[in-house]
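S.K.: Quick one: the structure is below, questions incoming.
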Protein chains: 2
Amino acid sequence: MTTDLLAETAALMAIPSLSHHEGALADHIDARLRAAPWLEVTRIGANVIARTTGNRPGRIILAGHLDTVPADGNATPRIEGDTLWGLGAADMKSGLAVNLHLATTVEDPATEVTYVFYAAEEVAREHNGLLAVAAARPDLLAGDVAILGEPTNAGVEAGCQGVVKLGVTLVGRRAHTARPWMGTNAVHRLAPLLTKVGEWQDRRPVIDGCQYRESVQVVAVEGGVAANVVPDRASIVLSFRYAPDRTAAEATGVAQDLVGAGLDPARGDRVDVIDLAPAAPPGLTHPVLAGLVAATHVPPRAKLGWTDVAFFTERGTPAVNLGPGDPEVAHGANERVERRDLDAVLGCLEQLLATPLG
Amino acid sequence: MTTDLLAETAALMAIPSLSHHEGALADHIDARLRAAPWLEVTRIGANVIARTTGNRPGRIILAGHLDTVPADGNATPRIEGDTLWGLGAADMKSGLAVNLHLATTVEDPATEVTYVFYAAEEVAREHNGLLAVAAARPDLLAGDVAILGEPTNAGVEAGCQGVVKLGVTLVGRRAHTARPWMGTNAVHRLAPLLTKVGEWQDRRPVIDGCQYRESVQVVAVEGGVAANVVPDRASIVLSFRYAPDRTAAEATGVAQDLVGAGLDPARGDRVDVIDLAPAAPPGLTHPVLAGLVAATHVPPRAKLGWTDVAFFTERGTPAVNLGPGDPEVAHGANERVERRDLDAVLGCLEQLLATPLG
């Protein structure tokens, strides 16, 4: 194989695509796909769907999101030997590069294939591009199995954890800072809540041989009125990642219990569920996915992050994550991907697309 | 006296004057003052200074700030019987109303008088209008004693506490929230710091018979990168109000020690002094101020808030606070002033201006 997927990934990284700003990258991919005469390409907003439309048995969906989180001093891609550094290297322009390469080179797959490039995965679920596509053209998302190109170190990561996000507002009473005893400082009231979240002991259930690991993180904090005023409002956003042995309702209850002890409804404190993304069980009993696991030559692992595996699982389409790059460096300043991961994932997927379904 | 000072105060409250937006109120007062032919009026930005310019012995400065903190649902003034409710009722449009009334009615005082209406007292000291006046026309601020119309329940509040504001930034390391153990949550790191500030035991020194009361408050908190990212920065602004038996340098050290234990410079944590306003000792030995205390018929108390008493004291002009309204309701939703306070302060100051100096 002479394709330089590392360079292809760097080229995609050079087109910034912060969530809600994926238009330029969607344009680029759209144009590349339309050059392949065996694909039918549909554009819906910043989402691009390309499909083979023959009469082969079965349909495989290869999907990946276009957007990235904000840069952390790593906006510019940089190749050092066989390592590509920078925002999106792992999550997930490398996965996009593999899918784009397959879409534009595999002219006659053994099954039908749908390539999905979609927007706004790294933000609140309501913005997720798959929802927009499902609303406008649900037929484009039909398939027998789905493979998400999220970073998994080129091994299958099965299922995904769910996410509950709570907005928590603590209420105090304003006063002049020279006489704070006349008021109640809502920011000071955060202390026991932050302590409790920081001390939370994670749970690590094993499901179908895959170990999940839950986590609770405060991802935002805000409070303050003016320099001389005791603040009467302080708020946090709490993110709870939960394993797929819990329902979304159960997970919401766990998160609410965690913050609830520090709240006083009589003061006006409140908790709102601001985002809720379902978990998905591993789903490795499907023969195509079991075959994919075998092709990777590594044992399947649990997917700890939320991915759109949950979206496809909810719709009755078994799905797994398989992509280049280490998920542990995603969203960090040292995000990177190795050439061997790109080649390994490409190899597995080429084999998958060369194998007739069932 | 037939003047309705409560209505006069309400009229000034009806002209919003949030810090840095005092122009309309300055215009109104400027026009009122220019109608009094015995005054020489000077406008410097949003600051208005009116002076008598005869040859009477001595000069008394009556000063007050035009600005208010943000409204807390109380932007509209409301009179109920002899009580006026709303933003600025106490701090300090009632004091301004008294000074404006004196300026426009006391045509022939026994001493020279300087009336100072100035901007931006409720924000960081660098913006304080007195500094702008002192830079442009220091001669306008010369005088034998100064009386600030800050709320004091119509009794003399002597001296003032100083303020040290620290900006504290805690540093973590970004990671995907599904794998928070790869990073460090800077918001979680706030917990011990907020706990320590909340548990701080205040100190209440007695100086010249006046009891001060120190306080420490977090007035702002901020942190967060994106919904799926472990935040690598969290910051607070800490306000330390200190008694006048400490120097500014000593107070800065106390505040830095308080936050210092929770900081790790190796991570990049930092503390910056972002505002420093000096304290002022009581200064009641000056005969004019001692006479003013006697005229109020109540014992002098310590001023807990910072006021520009410190500005005048630093320049060698003894100064005290005397104004209508309860300082304990300033900056709060239930801010108000009573008619009897307005009349009492007006009476004291009329007596002061009718008494030859020395």
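Identifiers in this document derive from the order of the structure tokens: chains are assigned A, B, ..., residues are numbered from 1 separately in each chain, and ligands are numbered from 1 in order of occurrence.
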At most 7 Å is the cut-off: for each residue in chain A with any atom that close to an atom of chain B, write down the nearest atom pair and the distance in Å rounded to one decimal, counting only C-alpha atoms, chain first then increasing number, as a tab-separated table.
M.R.:
residue	atom	partner	partner_atom	distance
A:Glu122	CA	B:Asn228	CA	6.8
A:Val123	CA	B:Ala227	CA	6.4
A:Arg174	CA	B:Gly332	CA	5.2
A:Ala175	CA	B:Gly332	CA	4.9
A:His176	CA	B:His331	CA	5.1
A:Thr177	CA	B:Gln217	CA	6.8
A:Ala178	CA	B:Gly305	CA	4.6
A:Arg179	CA	B:Glu328	CA	6.3
A:Met182	CA	B:Glu328	CA	6.6
A:Val187	CA	B:Val218	CA	6.7
A:His188	CA	B:Leu194	CA	5.6
A:Ala191	CA	B:Ala191	CA	4.9
A:Leu194	CA	B:Ala191	CA	5.3
A:Thr195	CA	B:Ala191	CA	5.2
A:Gly198	CA	B:His188	CA	5.7
A:Ser215	CA	B:Ala178	CA	6.8
A:Gln217	CA	B:Thr177	CA	6.8
A:Val218	CA	B:Val187	CA	6.7
A:Val219	CA	B:Gly224	CA	5.4
A:Ala220	CA	B:Gly224	CA	4.1
A:Val221	CA	B:Gly223	CA	5.1
A:Glu222	CA	B:Glu222	CA	4.7
A:Gly223	CA	B:Val221	CA	5.1
A:Gly224	CA	B:Ala220	CA	4.1
A:Ala226	CA	B:Val219	CA	6.9
A:Ala227	CA	B:Val219	CA	5.9
A:Asn228	CA	B:Glu122	CA	6.7
A:Val229	CA	B:His331	CA	6.5
A:Val230	CA	B:Val219	CA	5.9
A:Pro231	CA	B:Val219	CA	6.0
A:Arg241	CA	B:Ala178	CA	6.5
A:Leu304	CA	B:Ala178	CA	5.6
A:Gly305	CA	B:Ala178	CA	4.6
A:Glu328	CA	B:Arg179	CA	6.3
A:Val329	CA	B:Ala175	CA	6.9
A:Ala330	CA	B:His176	CA	6.0
A:His331	CA	B:His176	CA	5.1
A:Gly332	CA	B:Ala175	CA	4.9
S.K.: Excluding same-chain residues fewer than 3 positions from Ala35 in chain B, what lies within 8 Å of it counting only C-alpha atoms, as a ChimeraX atom specification?
M.R.: /B:31-32,104
S.K.: Suppose you want the space between CA of Leu87 in chain B and CA of Pro299 in chain B; what is it in Å?
M.R.: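 Separating CA of Leu87 in chain B from CA of Pro299 in chain B is a distance of 27.8 Å.
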S.K.: Between CA of Arg78 in chain B and CA of Ala10 in chain B, what is the distance in Å, rounded to a tenth?
M.R.: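 Spanning CA of Arg78 in chain B to CA of Ala10 in chain B is a straight-line distance of 7.6 Å.
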S.K.: I need the residues of range 131-243 of chain A that end up classed as helix (DSSP H, G or I) by DSSP on the backbone, written out as a PyMOL selection string.
M.R.: chain A and resi 131-136+138-141+180-182+190-198
S.K.: Using only C-alpha atoms, find the one residue out of B:Ala249, B:Ile44, B:Glu112, B:Thr53 that sits nearest to Ala135 in chain B.
M.R.: B:Ile44
S.K.: Of the candidates A:Pro300, A:Val168, A:Ala50, A:Pro244, which one gets nearest to Gly262 in chain A if we count only C-alpha atoms?
M.R.: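 That would be A:Val168, the residue with the smallest distance to Gly262 in chain A.
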S.K.: Restricting the calculation to only C-alpha atoms, which member of A:Pro57, A:Gly81, A:Gly149, A:Gly291 is positioned closest to Ser94 in chain A?
M.R.: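 Residue with the minimum atom-to-atom distance to Ser94 in chain A: A:Gly149.
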S.K.: Dump as a Markdown table the rows for residues of range 113-212 of chain B within 12 Å of range 348-355 of chain B: closest atom pair and distance in Å with one decimal, only C-alpha atoms counted, ordered by chain and rising residue number.
M.R.:
| residue | atom | partner | partner_atom | distance |
| --- | --- | --- | --- | --- |
| B:Val113 | CA | B:Leu353 | CA | 7.9 |
| B:Thr114 | CA | B:Leu353 | CA | 11.1 |
| B:Val145 | CA | B:Leu352 | CA | 11.3 |
| B:Ala146 | CA | B:Leu349 | CA | 11.7 |
| B:Ile147 | CA | B:Leu349 | CA | 9.3 |
| B:Leu148 | CA | B:Leu349 | CA | 11.3 |
| B:Gly149 | CA | B:Leu349 | CA | 10.4 |
| B:Ala154 | CA | B:Cys348 | CA | 8.9 |
| B:Gly155 | CA | B:Cys348 | CA | 9.7 |
| B:Val156 | CA | B:Cys348 | CA | 10.5 |
